[in-house]
$ cat start.txt   # compact mmCIF, C-alpha atoms
# COMPACT_ATOMS: atom_id res chain seq x y z
CA MET A 43 45.54 -5.34 -26.27
CA GLY A 44 47.50 -3.45 -28.92
CA GLN A 45 50.44 -5.40 -30.30
CA ILE A 46 50.40 -8.69 -28.41
CA GLY A 47 53.24 -9.49 -26.02
CA ARG A 48 55.78 -12.22 -26.56
CA ASP A 49 54.25 -14.48 -23.88
CA THR A 50 50.80 -14.29 -25.48
CA HIS A 51 52.27 -14.84 -28.95
CA MET A 52 54.05 -18.02 -27.81
CA LEU A 53 50.86 -19.30 -26.13
CA PHE A 54 48.91 -18.64 -29.34
CA ILE A 55 51.48 -20.66 -31.30
CA ASP A 56 51.25 -23.54 -28.77
CA ALA A 57 47.44 -23.44 -28.91
CA PHE A 58 47.50 -23.49 -32.71
CA LEU A 59 49.87 -26.47 -32.78
CA GLN A 60 47.71 -28.38 -30.26
CA ASN A 61 44.36 -27.67 -31.91
CA ASN A 62 45.18 -26.91 -35.57
CA ARG A 63 43.36 -23.61 -35.04
CA LEU A 64 43.61 -20.49 -32.89
CA ASP A 65 40.09 -20.48 -31.54
CA HIS A 66 38.26 -17.37 -30.42
CA VAL A 67 38.19 -18.32 -26.72
CA THR A 68 41.99 -18.55 -26.70
CA GLN A 69 42.25 -15.17 -28.42
CA VAL A 70 39.95 -13.46 -25.92
CA MET A 71 41.79 -15.04 -22.99
CA GLY A 72 45.01 -13.76 -24.60
CA TYR A 73 44.44 -10.52 -22.69
CA HIS A 74 45.67 -12.49 -19.66
CA PRO A 75 48.59 -14.72 -20.71
CA THR A 76 49.32 -15.99 -17.19
CA TYR A 77 45.79 -17.34 -16.97
CA LEU A 78 45.68 -18.53 -20.59
CA ASP A 79 48.77 -20.66 -19.97
CA ILE A 80 47.23 -22.65 -17.09
CA PHE A 81 43.82 -22.77 -18.81
CA LEU A 82 45.29 -24.36 -21.94
CA ARG A 83 47.40 -26.81 -19.93
CA THR A 84 44.36 -27.88 -17.90
CA GLN A 85 41.99 -28.17 -20.85
CA ASN A 86 44.57 -30.09 -22.87
CA PHE A 87 45.15 -32.49 -19.97
CA ILE A 88 41.50 -33.30 -19.27
CA LEU A 89 40.74 -33.79 -22.99
CA ARG A 90 43.99 -35.32 -24.28
CA GLY A 91 46.17 -36.32 -21.32
CA ASP A 92 46.34 -39.50 -19.29
CA GLY A 93 43.02 -40.28 -17.66
CA PRO A 94 40.50 -43.06 -17.12
CA LEU A 95 37.95 -42.04 -19.78
CA PRO A 96 38.29 -42.90 -23.49
CA TYR A 97 38.90 -39.88 -25.73
CA ASP A 98 35.58 -40.09 -27.57
CA TYR A 99 33.73 -40.15 -24.22
CA ARG A 100 35.59 -37.01 -23.10
CA HIS A 101 34.48 -34.96 -26.09
CA PHE A 102 30.92 -36.25 -25.97
CA ILE A 103 30.70 -35.35 -22.28
CA ALA A 104 31.85 -31.84 -23.29
CA ILE A 105 29.00 -31.70 -25.84
CA MET A 106 26.47 -32.83 -23.22
CA ALA A 107 27.73 -30.16 -20.80
CA ALA A 108 27.64 -27.32 -23.34
CA GLY A 109 24.16 -28.45 -24.37
CA ARG A 110 22.74 -27.50 -20.96
CA HIS A 111 23.40 -23.84 -21.84
CA GLN A 112 22.71 -24.23 -25.58
CA CYS A 113 26.28 -23.16 -26.30
CA SER A 114 26.53 -23.97 -30.00
CA TYR A 115 30.05 -22.50 -30.15
CA LEU A 116 31.44 -25.19 -27.81
CA ILE A 117 29.15 -27.93 -29.15
CA ASN A 118 30.42 -27.38 -32.70
CA LEU A 119 34.08 -27.35 -31.66
CA GLN A 120 33.68 -30.50 -29.58
CA LYS A 121 31.77 -32.32 -32.33
CA GLN A 122 34.77 -31.79 -34.60
CA GLU A 123 37.16 -33.00 -31.89
CA PHE A 124 34.94 -36.02 -31.20
CA LEU A 125 35.13 -37.11 -34.85
CA LEU A 126 38.89 -36.46 -35.00
CA GLN A 127 39.29 -38.85 -32.05
CA GLY A 128 37.51 -41.57 -34.02
CA GLY A 129 34.15 -41.07 -32.31
CA ASP A 130 31.11 -42.90 -33.72
CA HIS A 131 29.32 -40.32 -35.89
CA THR A 132 25.93 -41.88 -35.08
CA TRP A 133 26.32 -40.59 -31.50
CA LEU A 134 26.06 -37.08 -32.94
CA LYS A 135 22.45 -37.84 -33.89
CA GLY A 136 21.57 -37.39 -30.23
CA LEU A 137 21.33 -38.84 -26.74
CA SER A 138 19.18 -41.74 -27.95
CA ARG A 139 22.18 -43.08 -29.93
CA ILE A 140 24.85 -43.06 -27.20
CA PRO A 141 25.92 -45.97 -24.97
CA GLN A 142 23.86 -46.47 -21.81
CA LYS A 143 26.93 -45.77 -19.68
CA LEU A 144 27.14 -42.21 -21.04
CA ARG A 145 23.37 -41.80 -20.86
CA ASP A 146 23.52 -42.61 -17.15
CA LEU A 147 25.70 -39.53 -16.61
CA TYR A 148 23.01 -37.14 -17.85
CA ASP A 149 21.25 -36.60 -14.52
CA ILE A 150 24.48 -35.48 -12.89
CA ASN A 151 25.15 -33.22 -15.89
CA LYS A 152 21.74 -31.57 -15.51
CA ILE A 153 21.92 -31.10 -11.74
CA LEU A 154 25.52 -29.90 -11.71
CA ALA A 155 24.79 -27.31 -14.42
CA HIS A 156 21.78 -25.70 -12.74
CA ARG A 157 21.27 -26.75 -9.11
CA PRO A 158 24.46 -28.44 -7.88
CA TRP A 159 23.24 -28.36 -4.25
CA LEU A 160 20.79 -31.18 -5.16
CA LEU A 161 23.67 -33.57 -5.91
CA ASN A 162 24.11 -36.26 -3.27
CA LYS A 163 25.84 -39.58 -2.73
CA SER A 164 22.91 -41.56 -4.19
CA HIS A 165 23.68 -40.05 -7.63
CA ILE A 166 27.26 -41.30 -7.33
CA GLU A 167 26.14 -44.69 -6.08
CA LYS A 168 23.77 -45.09 -9.02
CA LEU A 169 26.64 -44.57 -11.48
CA THR A 170 29.04 -46.96 -9.77
CA LYS A 171 26.65 -49.92 -9.51
CA GLY A 172 25.07 -52.20 -12.09
CA LYS A 173 25.82 -53.36 -15.59
CA ASP A 174 27.36 -50.25 -17.15
CA SER A 175 29.04 -49.08 -13.97
CA TRP A 176 31.59 -46.31 -13.66
CA SER A 177 34.77 -46.47 -11.60
CA LEU A 178 35.22 -43.61 -9.13
CA ALA A 179 38.18 -42.37 -11.18
CA GLU A 180 35.93 -42.20 -14.25
CA VAL A 181 33.25 -40.36 -12.26
CA VAL A 182 35.76 -37.72 -11.13
CA HIS A 183 37.12 -37.31 -14.67
CA ALA A 184 33.58 -36.89 -16.01
CA ILE A 185 32.65 -34.38 -13.30
CA VAL A 186 35.75 -32.27 -14.01
CA LEU A 187 34.82 -32.24 -17.72
CA LEU A 188 31.18 -31.32 -17.00
CA ALA A 189 32.11 -28.49 -14.62
CA HIS A 190 34.76 -27.21 -17.06
CA PHE A 191 32.36 -26.98 -20.01
CA HIS A 192 29.40 -25.64 -18.00
CA SER A 193 31.64 -22.84 -16.74
CA LEU A 194 33.29 -22.27 -20.10
CA SER A 195 29.78 -21.74 -21.54
CA SER A 196 29.42 -18.88 -19.04
CA PHE A 197 32.65 -17.35 -20.35
CA VAL A 198 31.67 -17.79 -24.01
CA PHE A 199 28.33 -16.02 -23.54
CA GLY A 200 29.63 -13.51 -20.98
CA CYS A 201 32.27 -12.29 -23.46
CA GLY A 202 30.02 -12.84 -26.48
CA VAL A 203 32.49 -15.07 -28.28
CA ASN A 204 31.37 -15.60 -31.89
CA GLU A 205 31.33 -18.86 -33.81
CA GLU A 206 34.53 -19.85 -35.58
CA LEU A 207 34.66 -18.92 -39.27
CA ASP A 208 34.31 -22.57 -40.33
CA GLN A 209 31.19 -23.07 -38.21
CA ASP A 210 27.58 -22.19 -38.94
CA GLY A 211 27.04 -18.61 -37.88
CA GLY A 212 30.74 -17.81 -37.99
CA HIS A 213 31.65 -14.44 -39.48
CA HIS A 214 34.51 -12.06 -40.02
CA ASN A 215 35.26 -9.06 -37.85
CA GLY A 216 34.97 -6.62 -40.67
CA SER A 217 31.27 -5.75 -40.51
CA SER A 218 30.77 -2.08 -39.78
CA ASP A 219 28.31 -2.60 -36.95
CA SER A 220 30.48 -4.96 -34.91
CA ALA A 221 32.20 -3.99 -31.70
CA PRO A 222 35.93 -3.30 -32.04
CA PRO A 223 37.83 -6.56 -32.09
CA LEU A 224 39.87 -7.53 -29.07
CA GLY A 225 43.40 -6.71 -30.07
CA SER A 226 42.61 -4.53 -33.05
CA SER A 227 46.19 -3.42 -33.68
CA PRO A 228 46.93 -4.04 -37.37
CA ARG A 229 49.92 -6.20 -36.48
CA SER A 230 48.33 -8.24 -33.72
CA VAL A 231 47.07 -11.77 -34.23
CA PRO A 232 43.52 -11.35 -35.56
CA SER A 233 41.07 -11.50 -32.68
CA PRO A 234 37.38 -12.30 -32.53
CA THR A 235 34.73 -9.68 -32.29
CA PRO A 236 34.45 -9.68 -28.51
CA LEU A 237 30.68 -9.60 -28.40
CA SER A 238 27.97 -10.96 -30.55
CA THR A 239 24.38 -10.23 -29.67
CA GLY A 240 24.11 -13.55 -27.89
CA PRO A 241 21.99 -16.47 -29.02
CA SER A 242 19.16 -14.23 -30.16
CA ASN A 243 18.65 -10.61 -31.08
CA ARG A 244 16.55 -9.95 -28.05
CA ASP A 245 17.06 -6.82 -26.01
CA ALA A 246 18.98 -6.89 -22.76
CA GLU A 247 17.57 -8.90 -19.89
CA PRO A 248 14.52 -7.11 -18.50
CA TRP A 249 15.89 -6.82 -14.99
CA LEU A 250 18.96 -5.10 -16.45
CA ALA A 251 17.01 -3.05 -18.95
CA SER A 252 14.75 -1.70 -16.22
CA MET A 253 17.68 0.23 -14.79
CA SER A 254 18.28 3.64 -16.26
CA PRO A 255 21.76 4.05 -17.76
CA VAL A 256 22.86 6.15 -14.80
CA GLU A 257 21.04 4.33 -12.02
CA GLN A 258 23.40 4.00 -9.08
CA GLU A 259 26.39 4.08 -11.40
CA VAL A 260 29.38 3.64 -9.16
CA GLY A 261 32.37 5.18 -10.94
CA VAL A 262 35.90 3.86 -10.58
CA ASP A 263 36.92 6.73 -8.29
CA MET A 264 34.02 6.04 -5.93
CA LEU A 265 34.81 2.31 -6.03
CA MET A 266 38.44 2.99 -5.14
CA GLN A 267 37.33 5.23 -2.27
CA ARG A 268 35.04 2.50 -0.91
CA MET A 269 37.80 -0.13 -1.14
CA LYS A 270 40.14 2.21 0.72
CA SER A 271 37.67 2.91 3.53
CA LEU A 272 36.88 -0.82 3.88
CA SER A 273 40.59 -1.62 4.19
CA GLU A 274 40.98 1.02 6.92
CA ARG A 275 37.99 -0.24 8.90
CA ALA A 276 38.96 -2.06 12.07
CA GLU A 277 35.45 -3.16 13.02
CA GLU A 278 34.92 -6.89 13.56
CA PHE A 279 31.52 -8.51 13.23
CA SER A 280 30.13 -11.45 15.17
CA GLN A 281 29.39 -14.71 13.34
CA GLU A 282 25.70 -14.00 13.83
CA GLU A 283 26.03 -10.63 12.11
CA LYS A 284 28.10 -12.18 9.29
CA THR A 285 25.40 -14.83 8.79
CA LYS A 286 22.73 -12.12 8.57
CA ARG A 287 24.78 -10.21 5.99
CA PHE A 288 25.23 -13.36 3.89
CA GLU A 289 21.48 -14.05 3.97
CA HIS A 290 20.75 -10.43 3.05
CA VAL A 291 22.96 -10.64 -0.07
CA GLU A 292 21.48 -14.06 -0.89
CA ASN A 293 17.92 -12.71 -0.66
CA GLN A 294 18.78 -9.65 -2.75
CA SER A 295 20.08 -11.98 -5.46
CA VAL A 296 16.61 -13.56 -5.71
CA GLU A 297 15.23 -10.17 -6.78
CA LEU A 298 17.55 -10.24 -9.81
CA SER A 299 15.79 -13.27 -11.26
CA PRO A 300 14.79 -12.91 -14.91
CA GLY A 301 11.26 -12.15 -16.01
CA LEU A 302 11.67 -13.87 -19.36
CA GLU A 303 10.27 -17.25 -20.19
CA PRO A 304 13.11 -19.80 -20.36
CA LEU A 305 14.57 -20.55 -23.76
CA THR A 306 13.18 -24.05 -24.08
CA GLN A 307 12.70 -23.81 -27.86
CA LEU A 308 16.01 -25.38 -28.78
CA LYS A 309 17.72 -25.12 -32.13
CA ALA A 310 17.52 -28.40 -34.06
CA ASP A 311 21.29 -28.97 -33.97
CA ILE A 312 21.32 -28.58 -30.17
CA GLY A 313 18.00 -30.11 -29.07
CA HIS A 314 19.01 -33.73 -29.56
CA PHE A 315 21.87 -33.26 -27.06
CA VAL A 316 19.51 -31.87 -24.38
CA ASP A 317 17.13 -33.76 -22.17
CA ASP A 318 14.61 -31.99 -19.87
CA PRO A 319 15.32 -28.43 -21.13
CA THR A 320 12.91 -26.93 -18.58
CA PHE A 321 15.21 -27.93 -15.70
CA LEU A 322 16.99 -24.62 -15.07
CA TYR A 323 18.64 -22.63 -12.30
CA GLN A 324 16.46 -21.83 -9.32
CA ASP A 325 17.59 -19.50 -6.57
CA PHE A 326 19.18 -21.39 -3.72
CA ALA A 327 17.36 -19.04 -1.35
CA ARG A 328 13.79 -19.01 -2.66
CA ARG A 329 11.82 -15.95 -1.64
CA GLY A 330 9.64 -16.61 1.40
CA GLU A 331 10.65 -20.26 1.60
CA VAL A 332 12.71 -22.08 4.19
CA SER A 333 15.10 -24.42 2.41
CA ASP A 334 15.63 -27.92 3.72
CA ILE A 335 19.09 -27.87 2.12
CA PRO A 336 21.57 -26.15 4.44
CA THR A 337 24.01 -23.53 3.20
CA PHE A 338 27.30 -25.07 2.07
CA ARG A 339 29.90 -23.76 4.54
CA VAL A 340 33.40 -23.62 3.08
CA GLN A 341 34.79 -24.05 6.59
CA ASP A 342 33.24 -27.56 6.63
CA TYR A 343 34.30 -28.64 3.14
CA SER A 344 36.76 -26.54 1.16
CA TRP A 345 38.73 -26.92 -2.03
CA ASP A 346 42.08 -26.39 -0.27
CA ASP A 347 41.50 -28.83 2.59
CA HIS A 348 39.30 -31.49 1.00
CA GLY A 349 38.44 -31.23 -2.73
CA TYR A 350 41.99 -30.75 -3.99
CA SER A 351 43.38 -33.91 -2.38
CA LEU A 352 40.36 -36.04 -3.37
CA VAL A 353 40.68 -35.08 -7.05
CA ASN A 354 44.43 -35.75 -6.99
CA ARG A 355 43.90 -39.15 -5.41
CA LEU A 356 41.31 -40.31 -7.93
CA TYR A 357 42.47 -38.60 -11.12
CA ASN A 358 46.16 -38.26 -11.93
CA ASP A 359 47.18 -35.06 -10.15
CA VAL A 360 44.61 -32.98 -12.07
CA GLY A 361 44.02 -31.28 -8.71
CA ASN A 362 47.36 -29.50 -9.13
CA LEU A 363 46.28 -28.01 -12.44
CA LEU A 364 42.83 -27.00 -11.17
CA ASP A 365 44.36 -25.49 -8.03
CA GLU A 366 46.77 -23.38 -10.06
CA LYS A 367 43.94 -22.29 -12.38
CA PHE A 368 41.67 -21.24 -9.48
CA LYS A 369 44.47 -19.35 -7.75
CA THR A 370 45.58 -17.63 -10.96
CA ALA A 371 42.07 -16.31 -11.71
CA TYR A 372 41.50 -15.28 -8.08
CA ASN A 373 44.87 -13.54 -7.59
CA LEU A 374 45.30 -12.09 -11.10
CA THR A 375 45.95 -8.35 -10.93
CA TYR A 376 47.83 -5.65 -12.79
CA TYR A 377 47.08 -3.10 -10.02
CA THR A 378 44.94 -1.12 -12.44
CA MET A 379 41.26 -0.27 -12.59
CA GLY A 380 39.67 1.62 -15.47
CA GLY A 381 42.89 3.43 -16.37
CA ARG A 382 43.93 4.18 -12.76
CA LYS A 383 47.25 2.68 -11.67
CA ASP A 384 48.64 1.29 -8.39
CA VAL A 385 45.20 0.09 -7.28
CA ASP A 386 44.81 -2.77 -4.81
CA THR A 387 41.86 -4.62 -6.38
CA SER A 388 41.87 -7.57 -3.96
CA ARG A 389 38.64 -6.58 -2.17
CA PHE A 390 36.80 -6.10 -5.46
CA ARG A 391 37.99 -9.47 -6.74
CA ARG A 392 37.06 -11.23 -3.51
CA ALA A 393 33.59 -9.63 -3.54
CA ILE A 394 32.97 -10.95 -7.09
CA TRP A 395 34.23 -14.48 -6.28
CA ASN A 396 32.24 -14.78 -3.06
CA TYR A 397 29.09 -13.30 -4.63
CA ILE A 398 29.20 -15.90 -7.42
CA GLN A 399 29.51 -18.75 -4.93
CA CYS A 400 26.78 -17.22 -2.75
CA MET A 401 24.33 -17.74 -5.63
CA PHE A 402 25.14 -21.44 -5.41
CA GLY A 403 24.47 -21.51 -1.66
CA ILE A 404 28.16 -21.47 -0.67
CA ARG A 405 29.19 -19.33 2.28
CA HIS A 406 32.70 -18.27 3.37
CA ASP A 407 32.34 -17.86 7.14
CA ASP A 408 35.26 -15.47 7.47
CA TYR A 409 33.91 -12.98 4.90
CA ASP A 410 31.80 -9.89 5.56
CA TYR A 411 29.16 -10.08 2.82
CA GLY A 412 28.32 -6.44 3.51
CA GLU A 413 31.30 -5.68 1.24
CA VAL A 414 29.45 -7.18 -1.73
CA ASN A 415 26.84 -4.39 -1.60
CA GLN A 416 29.52 -1.77 -1.06
CA LEU A 417 31.61 -2.82 -4.08
CA LEU A 418 29.28 -4.46 -6.62
CA GLU A 419 26.56 -2.24 -8.04
CA ARG A 420 23.20 -3.75 -8.84
CA SER A 421 23.75 -3.87 -12.60
CA LEU A 422 27.05 -5.74 -12.14
CA LYS A 423 25.42 -8.24 -9.78
CA ALA A 424 22.66 -8.78 -12.34
CA PHE A 425 25.23 -9.34 -15.12
CA ILE A 426 27.22 -11.78 -12.97
CA LYS A 427 24.05 -13.69 -12.09
CA SER A 428 23.07 -13.91 -15.76
CA ALA A 429 26.53 -15.07 -16.84
CA CYS A 430 26.61 -17.70 -14.07
CA CYS A 431 23.09 -19.01 -14.05
CA TYR A 432 21.52 -18.14 -17.43
CA PRO A 433 24.52 -17.52 -19.73
CA GLU A 434 22.51 -18.30 -22.87
CA ARG A 435 20.48 -15.13 -22.22
CA VAL A 436 23.39 -12.66 -21.98
CA THR A 437 23.46 -10.07 -24.76
CA LYS A 438 25.88 -7.39 -25.93
CA LYS A 439 23.68 -4.76 -24.30
CA ASP A 440 24.10 -6.49 -20.96
CA TYR A 441 27.89 -6.48 -21.37
CA ASP A 442 27.98 -2.82 -22.44
CA ARG A 443 25.77 -1.75 -19.55
CA VAL A 444 28.13 -2.83 -16.79
CA LEU A 445 31.54 -1.53 -15.71
CA ARG A 446 31.44 1.20 -18.34
CA GLU A 447 34.73 2.76 -17.20
CA PHE A 448 36.54 -0.59 -17.31
CA ARG A 449 38.71 -1.71 -20.20
CA HIS A 450 37.73 -4.75 -22.26
CA SER A 451 40.59 -6.70 -20.66
CA GLU A 452 39.17 -5.95 -17.20
CA LYS A 453 35.70 -7.10 -18.24
CA VAL A 454 37.25 -10.30 -19.61
CA HIS A 455 38.93 -10.73 -16.21
CA VAL A 456 35.52 -10.48 -14.48
CA ASN A 457 34.26 -13.22 -16.82
CA LEU A 458 37.30 -15.38 -15.99
CA MET A 459 36.32 -15.10 -12.34
CA VAL A 460 32.75 -16.12 -13.23
CA LEU A 461 34.19 -19.18 -15.01
CA GLU A 462 36.47 -20.24 -12.16
CA ALA A 463 34.28 -19.42 -9.13
CA ARG A 464 31.38 -21.25 -10.77
CA MET A 465 33.54 -24.25 -11.66
CA GLN A 466 34.87 -24.45 -8.11
CA ALA A 467 31.30 -24.28 -6.73
CA GLU A 468 30.20 -27.20 -8.93
CA LEU A 469 33.26 -29.24 -7.96
CA LEU A 470 32.76 -28.59 -4.24
CA TYR A 471 29.23 -30.05 -4.33
CA ALA A 472 30.26 -32.98 -6.54
CA LEU A 473 33.39 -33.89 -4.59
CA ARG A 474 31.56 -33.65 -1.27
CA ALA A 475 28.98 -36.10 -2.64
CA ILE A 476 31.78 -38.47 -3.74
CA MET A 477 33.45 -38.20 -0.33
CA ARG A 478 30.15 -39.01 1.43
CA TYR A 479 29.65 -41.98 -0.90
CA MET A 480 33.17 -43.25 -0.10
CA THR A 481 32.81 -42.99 3.67
$ encode --input "start.txt" --output "structure tokens"
Amino acid sequence: MGQIGRDTHMLFIDAFLQNNRLDHVTQVMGYHPTYLDIFLRTQNFILRGDGPLPYDYRHFIAIMAAGRHQCSYLINLQKQEFLLQGGDHTWLKGLSRIPQKLRDLYDINKILAHRPWLLNKSHIEKLTKGKDSWSLAEVVHAIVLLAHFHSLSSFVFGCGVNEELDQDGGHHNGSSDSAPPLGSSPRSVPSPTPLSTGPSNRDAEPWLASMSPVEQEVGVDMLMQRMKSLSERAEEFSQEEKTKRFEHVENQSVELSPGLEPLTQLKADIGHFVDDPTFLYQDFARRGEVSDIPTFRVQDYSWDDHGYSLVNRLYNDVGNLLDEKFKTAYNLTYYTMGGRKDVDTSRFRRAIWNYIQCMFGIRHDDYDYGEVNQLLERSLKAFIKSACCYPERVTKKDYDRVLREFRHSEKVHVNLMVLEARMQAELLYALRAIMRYMT
């Protein structure tokens, strides 16, 4: 980052005044001030702005969401915020101590985090009926919070954000074996070490480690050449061919599933916020199985045409903020790639976004999924899948292995797209379920 720009500096000051700290996530996102601005405005609104849920509920919902990915960084920050908002400290002893109304939300939290395609209108109906019932506005507010903190967990682990200095496990940047800090100019605002070794000191994921360092390494020049030839191609494919290409990419993604046993041994300070830790991501397209859940077609239910207006109607125009945040992450470009300038990166960005949503069973009918295999090498697809679906398992080795010619800021940008494409996927399933319940 070098010396930080004026825009970033002003955003850092705003963030510090809002939170009484300049947290590590904000500093890492500082590479991209346009995005950081809308991220901070959105997060501040859903946690502190007008909305149907009480403030202590909001922060506890954030803790529940981060717990699904064992993200102690976010859990610790939100525990502090919860207490600052006057939250009952006995709730922090675990799920057994919270009000039944909050407890009733846990099933949706679990499903949304790992297999959002299983969410249906009966889950919404269950919340809105009975003694401790939720209003639809409260349900939407809660779902936005859950999706935000599930996806932010992906960003935290994908960029290896370390604990804050005043948290357990927090440490300074000065250790000799740490990666160079983001923004290591002597006059820049001190930045976090970009990557810790993840939640454990395990080696890289086995399906990443099995690739030799040079296996199918697609350099930036080759990537630029492929993007150029794709943009010059006039060939149109039938819907049938596009469907086949989507299914091919979907089935390839199944092969990138981890060989490790799930991390169900939870740390003591996390375990009491987690129920059913063995419920984890499963591939939407299971190998050799025919799913009874159809692919989610964006042409039938999209954010632009359906989700956006439903959120706005039920929760104070938050749809405007989310829409700006999605569009900023999707369209963000400096026309550079690994040191090359004047590069149109739109095809690369679209391939990443659509690949992420493909893993959640979401298909964009107008997209040729053949481009995913042209532009995303296997190791990058494996990293993206880890960051999306098993973020608690991502390690520094995984991060270092992918996009080796890219700058840190460009890798952070990839992780921002993981955050936003995943969040949009969760919201699409949840909002469709709410719409079906309402009609």
$ closest_residue --input "start.txt" --among "A:Gly200, A:Pro141, A:Pro96, A:Gly72" --to "Val436 in chain A" --atoms "only C-alpha atoms"
A:Gly200
$ residues_around --input "start.txt" --residues "Gly412 in chain A" --least-positions-apart "6" --cutoff "10 Å" --atoms "all atoms listed in the file" --output "JSON, numbers by chain"
{"A": [283, 284, 286, 287, 288, 290, 291, 393]}
$ closest_residue --input "start.txt" --among "A:Ser195, A:Ser138, A:Thr320, A:Asn415" --to "Met269 in chain A" --atoms "all atoms listed in the file"
A:Asn415
$ closest_atom_pairs --input "start.txt" --of "range 334-422 of chain A" --to "range 474-479 of chain A" --cutoff "12 Å" --atoms "all atoms listed in the file" --output "Markdown table"
| residue | atom | partner | partner_atom | distance |
| --- | --- | --- | --- | --- |
| A:Phe338 | CA | A:Arg474 | CA | 10.1 |
| A:Arg339 | CA | A:Arg474 | CA | 11.6 |
| A:Val340 | CA | A:Arg474 | CA | 11.1 |
| A:Asp342 | CA | A:Arg474 | CA | 10.1 |
| A:Tyr343 | CA | A:Arg474 | CA | 7.2 |
| A:Ser344 | CA | A:Arg474 | CA | 9.1 |
| A:Trp345 | CA | A:Arg474 | CA | 9.9 |
| A:Asp347 | CA | A:Arg474 | CA | 11.7 |
| A:His348 | CA | A:Arg474 | CA | 8.4 |
| A:Gly349 | CA | A:Arg474 | CA | 7.4 |
| A:Tyr350 | CA | A:Arg474 | CA | 11.2 |
| A:Ser351 | CA | A:Met477 | CA | 11.0 |
| A:Leu352 | CA | A:Met477 | CA | 7.9 |
| A:Val353 | CA | A:Ile476 | CA | 10.1 |
| A:Arg355 | CA | A:Met477 | CA | 11.7 |
| A:Leu356 | CA | A:Ile476 | CA | 10.6 |
$ write_last_selection --input "start.txt" --atoms "C-alpha atoms" --output "mmCIF file, keeping the file's coordinate frame"
data_model
loop_
_atom_site.group_PDB
_atom_site.id
_atom_site.type_symbol
_atom_site.label_atom_id
_atom_site.label_comp_id
_atom_site.auth_asym_id
_atom_site.auth_seq_id
_atom_site.Cartn_x
_atom_site.Cartn_y
_atom_site.Cartn_z
ATOM 1 C CA PHE A 338 27.300 -25.070 2.070
ATOM 2 C CA ARG A 339 29.900 -23.760 4.540
ATOM 3 C CA VAL A 340 33.400 -23.620 3.080
ATOM 4 C CA ASP A 342 33.240 -27.560 6.630
ATOM 5 C CA TYR A 343 34.300 -28.640 3.140
ATOM 6 C CA SER A 344 36.760 -26.540 1.160
ATOM 7 C CA TRP A 345 38.730 -26.920 -2.030
ATOM 8 C CA ASP A 347 41.500 -28.830 2.590
ATOM 9 C CA HIS A 348 39.300 -31.490 1.000
ATOM 10 C CA GLY A 349 38.440 -31.230 -2.730
ATOM 11 C CA TYR A 350 41.990 -30.750 -3.990
ATOM 12 C CA SER A 351 43.380 -33.910 -2.380
ATOM 13 C CA LEU A 352 40.360 -36.040 -3.370
ATOM 14 C CA VAL A 353 40.680 -35.080 -7.050
ATOM 15 C CA ARG A 355 43.900 -39.150 -5.410
ATOM 16 C CA LEU A 356 41.310 -40.310 -7.930
#
$ atom_distance --input "start.txt" --atom1 "CA of Leu116 in chain A" --atom2 "CA of Asp65 in chain A"
10.5 Å
$ atom_distance --input "start.txt" --atom1 "CA of Phe390 in chain A" --atom2 "CA of Gly261 in chain A"
13.3 Å
$ atom_distance --input "start.txt" --atom1 "CA of Lys369 in chain A" --atom2 "CA of Asp408 in chain A"
18.2 Å
$ residues_around --input "start.txt" --residues "range 375-389 of chain A" --least-positions-apart "3" --cutoff "9 Å" --atoms "all atoms listed in the file" --output "list of chain:residue names"
A:Val262, A:Asp263, A:Met266, A:Met269, A:Lys270, A:Leu272, A:Ser273, A:Ala371, A:Tyr372, A:Arg392, A:Ala393, A:Ile394, A:Glu413, A:Leu417, A:Leu445, A:Arg446, A:Glu447, A:Phe448, A:Arg449, A:Glu452
$ write_last_selection --input "start.txt" --atoms "C-alpha atoms" --output "mmCIF file, in the frame of the given file"
data_model
loop_
_atom_site.group_PDB
_atom_site.id
_atom_site.type_symbol
_atom_site.label_atom_id
_atom_site.label_comp_id
_atom_site.auth_asym_id
_atom_site.auth_seq_id
_atom_site.Cartn_x
_atom_site.Cartn_y
_atom_site.Cartn_z
ATOM 1 C CA VAL A 262 35.900 3.860 -10.580
ATOM 2 C CA ASP A 263 36.920 6.730 -8.290
ATOM 3 C CA MET A 266 38.440 2.990 -5.140
ATOM 4 C CA MET A 269 37.800 -0.130 -1.140
ATOM 5 C CA LYS A 270 40.140 2.210 0.720
ATOM 6 C CA LEU A 272 36.880 -0.820 3.880
ATOM 7 C CA SER A 273 40.590 -1.620 4.190
ATOM 8 C CA ALA A 371 42.070 -16.310 -11.710
ATOM 9 C CA TYR A 372 41.500 -15.280 -8.080
ATOM 10 C CA ARG A 392 37.060 -11.230 -3.510
ATOM 11 C CA ALA A 393 33.590 -9.630 -3.540
ATOM 12 C CA ILE A 394 32.970 -10.950 -7.090
ATOM 13 C CA GLU A 413 31.300 -5.680 1.240
ATOM 14 C CA LEU A 417 31.610 -2.820 -4.080
ATOM 15 C CA LEU A 445 31.540 -1.530 -15.710
ATOM 16 C CA ARG A 446 31.440 1.200 -18.340
ATOM 17 C CA GLU A 447 34.730 2.760 -17.200
ATOM 18 C CA PHE A 448 36.540 -0.590 -17.310
ATOM 19 C CA ARG A 449 38.710 -1.710 -20.200
ATOM 20 C CA GLU A 452 39.170 -5.950 -17.200
#
$ residues_around --input "start.txt" --residues "Gly403 in chain A" --least-positions-apart "4" --cutoff "9 Å" --atoms "only C-alpha atoms" --output "VMD selection string"
chain A and resid 159 292 325 to 327 336 to 339 399 467
$ residues_around --input "start.txt" --residues "range 161-177 of chain A" --least-positions-apart "2" --cutoff "8 Å" --atoms "only C-alpha atoms" --output "number ranges by chain"
A: 142-143, 146-147, 150, 153-154, 157-159, 179-181, 471-472, 475-476, 478-479
